[in-house]
4 protein chains.
Amino acid sequence: MSGNSFGVLYCVTSFGESHGPAYGGVVDGCPPGLELSAADLQRELDRRKPGSSRHVTQRRESDAVEILSGVYEGRTTGTAIGFLVRNEDQRPKDYSAIADKFRPGHADYTYWQKYGVRDARGGGRASARETLVRVAAGAIAKKWLRQRYGVVIRGYLAQLGSIEIPFKNWEAVDANPFFSPNDAVVKKLEAFMDELRASGDSCGARVNVIAENVPVGWGEPVYGRLDADIAWAMMSINAVKGVEIGAGFNSIAQKGSEHGDEMTPDGFLSNNNGGVLGGISSGQDIAVSLALKPTSSIRLPRRTIDTRGAATTVETTGRHDPCVGIRATPIAEAMLACVLMDHALRHRAQCADVTPPTKVVKAKKIN
Amino acid sequence: MSGNSFGVLYCVTSFGESHGPAYGGVVDGCPPGLELSAADLQRELDRRKPGSSRHVTQRRESDAVEILSGVYEGRTTGTAIGFLVRNEDQRPKDYSAIADKFRPGHADYTYWQKYGVRDARGGGRASARETLVRVAAGAIAKKWLRQRYGVVIRGYLAQLGSIEIPFKNWEAVDANPFFSPNDAVVKKLEAFMDELRASGDSCGARVNVIAENVPVGWGEPVYGRLDADIAWAMMSINAVKGVEIGAGFNSIAQKGSEHGDEMTPDGFLSNNNGGVLGGISSGQDIAVSLALKPTSSIRLPRRTIDTRGAATTVETTGRHDPCVGIRATPIAEAMLACVLMDHALRHRAQCADVTPPTKVVKAKKIN
Amino acid sequence: MSGNSFGVLYCVTSFGESHGPAYGGVVDGCPPGLELSAADLQRELDRRKPGSSRHVTQRRESDAVEILSGVYEGRTTGTAIGFLVRNEDQRPKDYSAIADKFRPGHADYTYWQKYGVRDARGGGRASARETLVRVAAGAIAKKWLRQRYGVVIRGYLAQLGSIEIPFKNWEAVDANPFFSPNDAVVKKLEAFMDELRASGDSCGARVNVIAENVPVGWGEPVYGRLDADIAWAMMSINAVKGVEIGAGFNSIAQKGSEHGDEMTPDGFLSNNNGGVLGGISSGQDIAVSLALKPTSSIRLPRRTIDTRGAATTVETTGRHDPCVGIRATPIAEAMLACVLMDHALRHRAQCADVTPPTKVVKAKKIN
Amino acid sequence: MSGNSFGVLYCVTSFGESHGPAYGGVVDGCPPGLELSAADLQRELDRRKPGSSRHVTQRRESDAVEILSGVYEGRTTGTAIGFLVRNEDQRPKDYSAIADKFRPGHADYTYWQKYGVRDARGGGRASARETLVRVAAGAIAKKWLRQRYGVVIRGYLAQLGSIEIPFKNWEAVDANPFFSPNDAVVKKLEAFMDELRASGDSCGARVNVIAENVPVGWGEPVYGRLDADIAWAMMSINAVKGVEIGAGFNSIAQKGSEHGDEMTPDGFLSNNNGGVLGGISSGQDIAVSLALKPTSSIRLPRRTIDTRGAATTVETTGRHDPCVGIRATPIAEAMLACVLMDHALRHRAQCADVTPPTKVVKAKKIN
């Protein structure tokens with residue numbers, strides 16, 4: 001498997017750079033017969049789009065997607081779905097001042113060392129703009145999972161810098177530019193971001209993603225674990241530095257008598273395991289949490305080196321998200337959707353003929 | 001890629017169950033010419049072995065490994081390395097009392113639902129005893145990485161239940177049964193474990209793993225990210241519920257001016273990124289931290305259901321680790337070694353002809 | 001995917017050398033619930049076994065197989081099936097005379113150039129003894145395909161040296177040591193082989209394999225083509241130099257009006273396409289033919305070089321098959337079974353929900 | 001690996017349909033630093049292009065390719081290379097007469113049974129127009145292999161229908177619309193094709209491909225065999241029904257004393273093995289031959305069924321190649337290039353540190 005593809009049966013391949021002509025992707029393995037149009041992808045792409053509020057990068061991109069293959073008369077054919085998004089608002093000049101300097105915390109140094117190539121235009125392939133490919137691929141997975149299994153995948157911003165955001169309801173999430181699940185804290189978030197932007201600095205964030213109605217049985221017990229693939233998927237998102245499933249790091253100080261989710265004929269009594277037991281979905285909500293680091297491109301001056309190895313300082317003045325975590329919610333949802341769809345297909349390939357001896361535990365949702 | 005294999009070029013395949021005749025594995029892709037004997041694998045297997053102190057499971061296994069192929073006259077040949085470890089101390093009777101009950105927090109429920117098979121003998125394929133395959137495969141990777149690139153991979157127990165263990169030195173790690181990097185806390189750990197065992201309960205743990213001297217340039221910027229593959233590898237270990245790289249979840253509340261590791265001609269001035277920038281190794285130490293949940297097999301009674309779906313309670317009296325985290329250090333080291341070796345090979349496949357324009361940043365270690 | 005594994009969902013991994021301690025394999029992805037015992041594998045292994053007549057190598061191996069995992073209470077569990085065959089009759093001394101010489105037409109030269117390793121003991125990993133792993137893996141696939149879909153996979157020797165063997169009936173195949181489908185030619189084959197052995201030379205062969213009752217729809221139209229994977233599988237067998245499907249090389253001189261298999265409501269009227277149209281199974285018999293080259297280890301003296309590059313001659317006096325094609329039938333059957341099973345699983349993963357608009361063409365067998 | 005991608009390290013992903021908006025592909029794993037422009041791809045695409053003579057389909061396509069990513073300032077960056085070719089001359093109406101009928105020998109029947117989708121517009125994903133993606137991907141591989149290793153990959157038409165074309169010289173190949181390596185037979189080929197077209201029928205062809213200067217050591221001895229991957233690659237080309245390497249099917253009647261290529265300090269004395277011994281390149285020319293069946297879309301009436309399963313006849317009057325083999329030469333070259341490049345990268349990943357004990361056999365070309 002090459003480094004620009006992922007998935008065993010629901011396979012996503014991605015290409016494109018921040019300041020090249022276009023981004024695009026190929027989704028392979030989607031079952032035939034799913035109703036699909038560009039609008040299905042566009043809806044999700046618009047949730048990730050830059051320039052949608054003053055709190056994110058001001059790059060102006062319509063992110064208009066064109067489906068090039070794999071859909072015929074409004075339905076998927078079962079063959080490869082190619083799609084394309086043209087870049088519209090490149091400003092390579094923005095990078096001329098830092099063309100020979102490395103940004104602390106940025107991939108430009110490692111990328112240059114690896115490939116011997118210096119593409120200073122907005123990070124080249126390392127730009128987070130690549131995540132639009134994931135969002136488009138995830139839109140297809142989300143739709144299929146919902147229609148076929150009733151799976152619902154939703155995320156929200158759980159922390160911005162040091163501001164924790166208590167979950168209130170799903171309705172709030174789409175009603176503000178932060179994906180905050182709590183309307184009461186939005187003003188505080190806005191004030192915080194306005195101050196942060198003014199200071200020329202950036203901050204990190206936590207995003208939570210939940211998948212509901214996932215059937216029991218997806219994933220495998222050893223290397224093909226559902227949770228391991230989810231961890232991969234989340235850590236593959238730009239800026240992510242940590243991933244938790246269920247109780248996550250809180251598990252360390254828990255006792256077994258507290259952590260292990262008791263079962264009754266009416267369902268599980270808790271969800272410390274986050275919907276995955278032994279690498280296999282349990283029928284409970286899949287609950288994932290991720291940590292995103294602060295953006296490395298900031299206006300504040302920082303010590304660094306240049307391409308000749310000399311000491312210098314760097315300030316980044318282009319258009320950048322002061323907190324990449326704000327736009328990360330649809331990306332994390334998309335990655336979770338792709339992983340779940342891959343495992344849904346893998347599961348039915350191997351276990352289509354299995355009838356569990358008795359159907360017992362209701363997949364009751366634990367709040 | 002099937003669910004019992006991992007790796008693109010350094011590929012590990014695993015088989016075996018806790019109460020079957022044997023575990024074994026196949027390591028494919030190892031370069032030829034590496035000096036290798038069963039003793040190299042045995043050394044690492046002995047670090048993971050059960051029964052080595054009163055704080056871990058009392059199952060008695062020599063875990064003696066036999067190399068079946070891929071080594072000729074003391075050196076690897078470049079072909080598949082097969083190895084085998086016979087199980088010696090199965091006690092399937094231990095499980096008769098819980099043969100028709102599911103343990104809260106255990107894979108036995110999901111495994112049974114997925115496959116329609118109930119192998120109650122010690123968890124079947126879901127048993128953590130499978131990790132011996134990883135340790136054997138990791139021993140080969142560790143040796144090659146050290147000889148070829150000087151890479152050193154070491155781990156330690158950073159927290160046991162609620163007891164945090166401050167890192168003191170590497171020498172301490174092998175001098176106690178906990179992989180504690182601090183001799184001063186060992187007595188406290190022993191007392192805690194004795195009490196835990198007596199109570200019939202279990203606890204979680206945190207393990208940290210560090211890889212030193214990793215060259216800059218391993219990994220790719222999008223899906224073939226080094227950090228994503230590390231996250232996968234760690235989350236694939238039984239009982240792991242969270243993974244952090246570098247500053248991890250602390251990144252959330254950091255400012256960009258704090259998080260982004262400044263660079264000077266003498267090296268990086270910090271290592272918040274944990275040795276990976278944009279998915280590519282930076283030349284700094286790779287720093288990974290993982291959370292392991294408490295063992296689900298405990299003596300305390302818990303509410304559950306049986307295979308007919310009826311409410312019941314379960315107590316597990318067999319031989320179990322009261323804290324699987326205690327033996328997790330060599331496993332985490334092994335998984336990190338396998339991922340690094342895979343990326344070392346992938347990197348030189350693609351970039352063998354690259355000469356970085358200038359060699360600049362010393363890969364100075366940040367403490 | 002590493003070089004000692006194949007298959008996407010039905011994945012086979014192999015290890016072992018001709019003169020090492022053992023061969024073994026791992027079959028991953030087999031559905032749970034299939035009745036399976038070592039006897040199922042042994043039956044097929046015995047068909048491939050050396051020493052079964054005077055016309056094949058006289059190496060004495062019981063080829064007794066042990067299943068190490070993946071089977072519980074007589075049924076597959078859905079997890080990795082590990083199996084092992086110990087080598088019993090190694091005679092490394094046989095190779096001492098040619099330890100520093102290369103056999104014309106043998107892998108020993110390329111193997112040594114590639115890996116820098118000279119394992120002169122019977123070809124090391126390049127020995128055709130590895131095919132026992134394929135036969136064991138194929139035995140499982142064959143059984144599952146037959147039980148689940150009624151697929152029957154059978155092969156026969158179609159040509160030995162220049163003796164063409166007209167197909168008479170399947171009953172004949174197992175009644176002679178050549179897999180000849182025609183009892184009338186067996187005496188001629190025996191006389192030919194006796195003379196060939198006496199001359200110290202070797203010969204090639206053609207093997208045909210047929211899969212009946214394969215449902216329409218397995219395989220994909222572009223790179224995941226069923227016929228391409230079959231071609232890979234056959235050419236991966238030691239000594240194979242050519243593969244045909246359906247009319248094969250005869251297609252070149254055919255007209256389209258002759259080659260294209262006409263269809264009626266009662267079925268296809270011919271099978272030039274060999275059961276695959278556009279990479280997808282048509283419901284007709286899958287018909288494959290392969291060419292095996294003559295064994296390279298012969299007693300006749302041949303010009304060659306030694307490991308220092310000097311000109312010399314070589315004669316090979318160990319135990320070798322004078323025609324590897326004689327034992328190739330069960331191997332070709334096994335490889336076809338593995339490929340078909342992989343595609344059966346892949347097809348139902350993606351297309352489980354497809355209902356073809358109308359069921360029309362009977363998959364009538366064409367003779 | 002999904003069904004629209006191939007390659008382990010040099011990985012090609014393809015999308016597009018004959019009558020959709022565009023075809024495109026993603027080439028992943030190309031080393032950085034290779035000079036590359038759209039013209040490099042266009043040169044090869046033009047060799048495959050329809051409408052270039054009266055002997056091939058008259059569909060008018062410029063096949064103009066746009067590179068969308070992976071190239072910066074005229075050189076590859078090491079990241080995914082996306083490219084796009086818009087379809088220009090679709091005539092879906094041409095297919096209205098056969099919209100509900102299946103063409104004997106065509107994929108339309110199996111495709112419809114598999115996916116439950118009937119895309120009658122020119123074969124949909126099963127159209128041979130997809131091969132332009134292969135040609136574009138192969139152009140990059142060809143260029144890299146030539147620059148890095150001096151590998152030269154060339155093919156020619158060896159037989160058209162029943163007319164065998166004796167190889168004369170490479171210069172002839174590009175001087176006629178048939179890729180005939182013999183100018184003396186061109187008139188005969190033209191007359192044959194004119195008559196064939198007039199008759200409304202089609203014919204098959206044989207194409208040979210040769211790779212010169214391939215270093216010894218590419219490929220592996222078991223499943224990662226170079227020859228097996230070549231067989232896969234050739235059989236994956238539309239209409240191919242047979243593949244031979246070296247002596248191919250002639251090996252059957254050869255004796256070992258004839259087939260095994262003798263070696264001297266000056267090189268091999270013959271090339272029956274076609275440049276591959278034991279799955280590993282020998283340093284000799286890689287010699288591959290493939291059989292292409294006659295086109296299934298012909299004007300002559302044929303018995304078939306319609307989508308309701310009723311008996312009917314079908315005549316195909318659209319624009320079709322009367323012999324797809326005529327345009328197959330650049331496609332076969334491209335597939336061979338992709339496979340060789342993949343193995344070049346895989347080989348240096350594993351064996352970069354190998355120094356063969358002595359360098360002995362000159363890779364002398366055998367004619």
# chains A, B, ... in the order shown; residues from 1 in each chain; ligands from 1
>>> closest_atom_pairs(of="chain B", to="chain D", cutoff="9 Å", atoms="only C-alpha atoms", output="tab-separated table")
residue	atom	partner	partner_atom	distance
B:Met1	CA	D:Met1	CA	7.3
B:Val8	CA	D:Val8	CA	7.9
B:Leu9	CA	D:Ala349	CA	8.0
B:Tyr10	CA	D:Gln350	CA	9.0
B:Gly29	CA	D:Gln350	CA	6.4
B:Cys30	CA	D:Gln350	CA	6.8
B:Pro31	CA	D:Gln350	CA	4.9
B:Pro32	CA	D:Cys351	CA	6.9
B:Gly33	CA	D:Val354	CA	7.8
B:Gly78	CA	D:Gln350	CA	7.7
B:Thr79	CA	D:Pro221	CA	8.4
B:Glu220	CA	D:Thr79	CA	8.5
B:Pro221	CA	D:Thr79	CA	8.4
B:Ala344	CA	D:Ala349	CA	8.3
B:Leu345	CA	D:Ala349	CA	4.8
B:Arg346	CA	D:Ala349	CA	6.3
B:His347	CA	D:Ala349	CA	7.8
B:Arg348	CA	D:Ala349	CA	5.7
B:Ala349	CA	D:Ala349	CA	4.3
B:Gln350	CA	D:Pro31	CA	4.9
B:Cys351	CA	D:Pro31	CA	5.9
B:Ala352	CA	D:Arg348	CA	8.2
B:Asp353	CA	D:Pro31	CA	8.1
B:Val354	CA	D:Pro32	CA	7.5
>>> write_last_selection(atoms="C-alpha atoms", output="JSON list (two decimals), in the first residue's frame")
[["chain", "number", "residue", "atom", "x", "y", "z"],
["B", 1, "MET", "CA", -3.56, -6.92, 3.85],
["B", 8, "VAL", "CA", 4.42, -2.91, 3.94],
["B", 9, "LEU", "CA", 8.04, -4.02, 3.53],
["B", 10, "TYR", "CA", 8.92, -5.34, 6.99],
["B", 29, "GLY", "CA", 11.35, -8.44, 4.23],
["B", 30, "CYS", "CA", 14.30, -8.48, 6.60],
["B", 31, "PRO", "CA", 17.47, -7.57, 4.70],
["B", 32, "PRO", "CA", 19.91, -10.43, 4.19],
["B", 33, "GLY", "CA", 23.16, -10.66, 6.08],
["B", 78, "GLY", "CA", 16.51, -12.24, 2.98],
["B", 79, "THR", "CA", 13.69, -14.76, 2.84],
["B", 220, "GLU", "CA", 5.51, 10.43, 4.43],
["B", 221, "PRO", "CA", 3.34, 13.54, 4.55],
["B", 344, "ALA", "CA", 13.44, 2.78, 7.05],
["B", 345, "LEU", "CA", 13.06, 0.34, 4.16],
["B", 346, "ARG", "CA", 10.28, 2.33, 2.50],
["B", 347, "HIS", "CA", 12.32, 5.51, 2.74],
["B", 348, "ARG", "CA", 15.40, 4.10, 1.13],
["B", 349, "ALA", "CA", 13.32, 2.46, -1.59],
["B", 350, "GLN", "CA", 12.03, 5.82, -2.73],
["B", 351, "CYS", "CA", 14.68, 8.29, -1.65],
["B", 352, "ALA", "CA", 17.96, 6.36, -1.91],
["B", 353, "ASP", "CA", 19.21, 8.85, -4.49],
["B", 354, "VAL", "CA", 18.31, 12.00, -2.58]]
>>> residues_around(residues="stretch 190-203 of chain B", least_positions_apart="3", cutoff="10 Å", atoms="only C-alpha atoms", output="PDB file with C-alpha atoms, in the first residue's frame")
ATOM      1  CA  SER A 251      -8.098   4.218  32.037  1.00  0.00           C
ATOM      2  CA  ILE A 252      -4.665   4.367  33.642  1.00  0.00           C
ATOM      3  CA  ALA A 253      -5.956   5.285  37.086  1.00  0.00           C
ATOM      4  CA  GLN A 254      -9.154   3.263  36.833  1.00  0.00           C
ATOM      5  CA  LYS A 255      -9.616  -0.034  38.616  1.00  0.00           C
ATOM      6  CA  GLY A 256     -10.803  -3.017  36.584  1.00  0.00           C
ATOM      7  CA  SER A 257     -13.982  -3.059  38.646  1.00  0.00           C
ATOM      8  CA  GLU A 258     -14.651   0.471  37.479  1.00  0.00           C
ATOM      9  CA  HIS A 259     -13.457   0.292  33.878  1.00  0.00           C
TER      10      HIS A 259
ATOM     11  CA  ARG B  54       4.540 -12.325  41.795  1.00  0.00           C
ATOM     12  CA  HIS B  55       3.053  -9.204  40.215  1.00  0.00           C
ATOM     13  CA  VAL B  56       2.219 -10.816  36.929  1.00  0.00           C
ATOM     14  CA  LEU B 160       0.945   2.401  37.563  1.00  0.00           C
ATOM     15  CA  GLY B 161      -2.670   3.017  38.553  1.00  0.00           C
ATOM     16  CA  SER B 162      -2.493   6.478  40.069  1.00  0.00           C
ATOM     17  CA  ILE B 163       1.205   6.285  40.937  1.00  0.00           C
ATOM     18  CA  PRO B 177       9.997  -6.401  37.585  1.00  0.00           C
ATOM     19  CA  PHE B 178       8.016  -3.270  36.637  1.00  0.00           C
ATOM     20  CA  VAL B 185       9.454   4.025  43.721  1.00  0.00           C
ATOM     21  CA  VAL B 186       9.811   0.266  43.348  1.00  0.00           C
ATOM     22  CA  LYS B 187       8.862  -0.496  46.952  1.00  0.00           C
ATOM     23  CA  LEU B 292      -3.352   0.643  29.077  1.00  0.00           C
ATOM     24  CA  LYS B 293      -6.673  -0.163  30.631  1.00  0.00           C
ATOM     25  CA  PRO B 294      -7.010  -2.407  33.706  1.00  0.00           C
ATOM     26  CA  THR B 295      -7.291  -6.145  33.072  1.00  0.00           C
ATOM     27  CA  SER B 296     -10.860  -7.264  32.578  1.00  0.00           C
ATOM     28  CA  SER B 297     -10.409 -10.678  34.188  1.00  0.00           C
ATOM     29  CA  ILE B 298     -10.784  -9.936  37.918  1.00  0.00           C
ATOM     30  CA  ARG B 299     -11.892 -11.873  40.958  1.00  0.00           C
ATOM     31  CA  LEU B 300     -14.485  -9.303  42.064  1.00  0.00           C
ATOM     32  CA  PRO B 301     -18.038 -10.215  41.066  1.00  0.00           C
ATOM     33  CA  GLU B 315     -15.895 -13.771  38.844  1.00  0.00           C
ATOM     34  CA  THR B 316     -12.662 -14.753  37.109  1.00  0.00           C
ATOM     35  CA  THR B 317     -10.358 -16.900  39.169  1.00  0.00           C
ATOM     36  CA  HIS B 320      -4.242 -13.277  35.089  1.00  0.00           C
ATOM     37  CA  ASP B 321      -2.060 -10.203  35.188  1.00  0.00           C
ATOM     38  CA  PRO B 322      -3.574  -7.767  37.652  1.00  0.00           C
ATOM     39  CA  CYS B 323      -1.980  -5.060  35.490  1.00  0.00           C
ATOM     40  CA  VAL B 324      -1.180  -5.921  31.889  1.00  0.00           C
ATOM     41  CA  GLY B 325       0.755  -2.675  31.667  1.00  0.00           C
TER      42      GLY B 325
END
>>> residues_around(residues="A:Leu290", least_positions_apart="3", cutoff="6 Å", atoms="only C-alpha atoms", output="mmCIF file with N, CA and C atoms, in the first residue's frame")
data_model
loop_
_atom_site.group_PDB
_atom_site.id
_atom_site.type_symbol
_atom_site.label_atom_id
_atom_site.label_comp_id
_atom_site.auth_asym_id
_atom_site.auth_seq_id
_atom_site.Cartn_x
_atom_site.Cartn_y
_atom_site.Cartn_z
ATOM 1 N N ARG A 206 -9.205 20.120 21.148
ATOM 2 C CA ARG A 206 -9.621 18.719 21.248
ATOM 3 C C ARG A 206 -10.919 18.548 20.473
ATOM 4 N N VAL A 207 -10.986 17.493 19.690
ATOM 5 C CA VAL A 207 -12.198 17.176 18.937
ATOM 6 C C VAL A 207 -12.658 15.783 19.346
ATOM 7 N N GLY A 242 -2.435 13.174 19.592
ATOM 8 C CA GLY A 242 -2.904 12.182 20.547
ATOM 9 C C GLY A 242 -4.279 11.677 20.178
ATOM 10 N N VAL A 243 -4.539 10.423 20.512
ATOM 11 C CA VAL A 243 -5.833 9.801 20.217
ATOM 12 C C VAL A 243 -6.258 8.966 21.421
#
>>> atom_distance(atom1="atom CA of D:Gly25", atom2="atom CA of C:Trp218")
24.2 Å
>>> select_by_dssp(residues="stretch 233-317 of chain C", states="strand (DSSP E)", output="list in words")
Val240, Lys241, Gly242, Val243, Glu244, Ile245, Met263, Thr264, Gly267, Phe268, Val276, Leu277, Ile280, Ser281, Ile286, Ala287, Val288, Ser289, Leu290, Ala291, Leu292, Arg302, Arg303, Thr304, Ile305, Ala311, Thr312, Thr313 and Val314 of chain C
>>> residues_around(residues="B:Trp170", least_positions_apart="3", cutoff="8 Å", atoms="only C-alpha atoms", output="MDAnalysis selection string")
chainID B and resid 173:174 181
>>> residues_around(residues="C:Ala38", least_positions_apart="4", cutoff="7 Å", atoms="only C-alpha atoms", output="mmCIF file with N, CA and C atoms, in the first residue's frame")
data_model
loop_
_atom_site.group_PDB
_atom_site.id
_atom_site.type_symbol
_atom_site.label_atom_id
_atom_site.label_comp_id
_atom_site.auth_asym_id
_atom_site.auth_seq_id
_atom_site.Cartn_x
_atom_site.Cartn_y
_atom_site.Cartn_z
ATOM 1 N N GLN C 42 -3.926 -33.003 4.572
ATOM 2 C CA GLN C 42 -3.045 -34.134 4.263
ATOM 3 C C GLN C 42 -3.417 -34.798 2.950
ATOM 4 N N VAL C 65 1.343 -32.943 8.125
ATOM 5 C CA VAL C 65 1.019 -31.558 8.477
ATOM 6 C C VAL C 65 0.372 -31.475 9.855
ATOM 7 N N GLU C 66 0.748 -30.442 10.593
ATOM 8 C CA GLU C 66 0.147 -30.168 11.897
ATOM 9 C C GLU C 66 -0.530 -28.802 11.823
ATOM 10 N N ILE C 67 -1.802 -28.758 12.223
ATOM 11 C CA ILE C 67 -2.490 -27.463 12.306
ATOM 12 C C ILE C 67 -2.237 -26.891 13.693
#
>>> residues_around(residues="A:Glu244", least_positions_apart="6", cutoff="6 Å", atoms="only C-alpha atoms", output="list in words")
Val288 and Ser289 of chain A; Lys241 and Gly242 of chain B
>>> write_last_selection(atoms="C-alpha atoms", output="CSV table (one decimal), in the first residue's frame")
chain,number,residue,atom,x,y,z
A,288,VAL,CA,-12.9,8.9,19.9
A,289,SER,CA,-11.1,11.9,21.1
B,241,LYS,CA,-6.9,2.9,24.9
B,242,GLY,CA,-4.8,6.0,24.2
>>> closest_residue(among="B:Met235, B:Leu34, B:Val214, B:Leu68", to="C:Val85", atoms="only C-alpha atoms")
B:Leu68
>>> select_by_dssp(residues="stretch 180-326 of chain B", states="helix (DSSP H, G or I)", output="number ranges by chain")
B: 183-199, 226-235, 248-253, 256-259, 324-326
>>> residues_around(residues="C:Ser236", least_positions_apart="3", cutoff="10 Å", atoms="only C-alpha atoms", output="VMD selection string")
(chain C and resid 131 230 to 233 239 to 241 332 335) or (chain D and resid 221 to 229 231 to 232 278 to 279)
>>> write_last_selection(atoms="N, CA and C atoms", output="compact mmCIF listing (two decimals), in the first residue's frame")
# COMPACT_ATOMS: atom_id res chain seq x y z
N THR C 131 6.04 -25.47 -2.60
CA THR C 131 4.67 -25.58 -3.11
C THR C 131 3.77 -26.37 -2.17
N ILE C 230 -5.31 -14.98 -11.73
CA ILE C 230 -5.03 -16.38 -12.05
C ILE C 230 -3.68 -16.49 -12.78
N ALA C 231 -3.43 -15.58 -13.70
CA ALA C 231 -2.15 -15.60 -14.41
C ALA C 231 -1.00 -15.43 -13.43
N TRP C 232 -1.17 -14.50 -12.50
CA TRP C 232 -0.14 -14.32 -11.46
C TRP C 232 0.07 -15.63 -10.71
N ALA C 233 -1.03 -16.22 -10.29
CA ALA C 233 -0.96 -17.41 -9.45
C ALA C 233 -0.24 -18.55 -10.16
N ALA C 239 8.89 -23.06 -12.17
CA ALA C 239 9.07 -23.66 -13.50
C ALA C 239 8.02 -23.27 -14.53
N VAL C 240 6.99 -22.55 -14.13
CA VAL C 240 5.97 -22.16 -15.12
C VAL C 240 6.50 -21.03 -16.00
N LYS C 241 6.34 -21.18 -17.30
CA LYS C 241 6.82 -20.17 -18.27
C LYS C 241 5.70 -19.61 -19.14
N ALA C 332 -1.32 -26.49 -9.11
CA ALA C 332 -2.10 -25.56 -9.93
C ALA C 332 -3.55 -25.49 -9.44
N MET C 335 -3.55 -23.25 -6.32
CA MET C 335 -3.42 -21.82 -6.59
C MET C 335 -4.71 -21.25 -7.16
N PRO D 221 11.93 -15.04 -4.69
CA PRO D 221 11.78 -16.44 -5.12
C PRO D 221 10.40 -17.08 -4.94
N VAL D 222 9.49 -16.52 -4.15
CA VAL D 222 8.24 -17.25 -3.93
C VAL D 222 7.03 -16.51 -4.53
N TYR D 223 6.33 -15.70 -3.75
CA TYR D 223 5.13 -15.06 -4.33
C TYR D 223 5.46 -13.69 -4.94
N GLY D 224 6.54 -13.07 -4.48
CA GLY D 224 6.92 -11.77 -5.03
C GLY D 224 7.78 -11.92 -6.28
N ARG D 225 7.49 -12.92 -7.09
CA ARG D 225 8.27 -13.21 -8.30
C ARG D 225 8.06 -12.14 -9.36
N LEU D 226 9.15 -11.77 -9.99
CA LEU D 226 9.07 -10.80 -11.07
C LEU D 226 8.22 -11.34 -12.23
N ASP D 227 8.42 -12.62 -12.58
CA ASP D 227 7.68 -13.16 -13.72
C ASP D 227 6.18 -13.29 -13.42
N ALA D 228 5.84 -13.60 -12.17
CA ALA D 228 4.43 -13.69 -11.81
C ALA D 228 3.77 -12.32 -11.90
N ASP D 229 4.48 -11.30 -11.44
CA ASP D 229 3.90 -9.96 -11.52
C ASP D 229 3.80 -9.50 -12.97
N ALA D 231 3.24 -11.55 -15.48
CA ALA D 231 2.09 -12.29 -16.01
C ALA D 231 0.79 -11.59 -15.60
N TRP D 232 0.74 -11.18 -14.34
CA TRP D 232 -0.44 -10.45 -13.87
C TRP D 232 -0.65 -9.21 -14.73
N GLY D 278 13.89 -18.34 -11.41
CA GLY D 278 13.41 -18.45 -10.03
C GLY D 278 12.72 -17.20 -9.54
N GLY D 279 12.10 -16.47 -10.45
CA GLY D 279 11.36 -15.27 -10.06
C GLY D 279 12.22 -14.02 -9.97
>>> closest_residue(among="C:Arg47, C:Glu212, C:Gly219, C:Ser127", to="D:Ser2", atoms="only C-alpha atoms")
C:Gly219
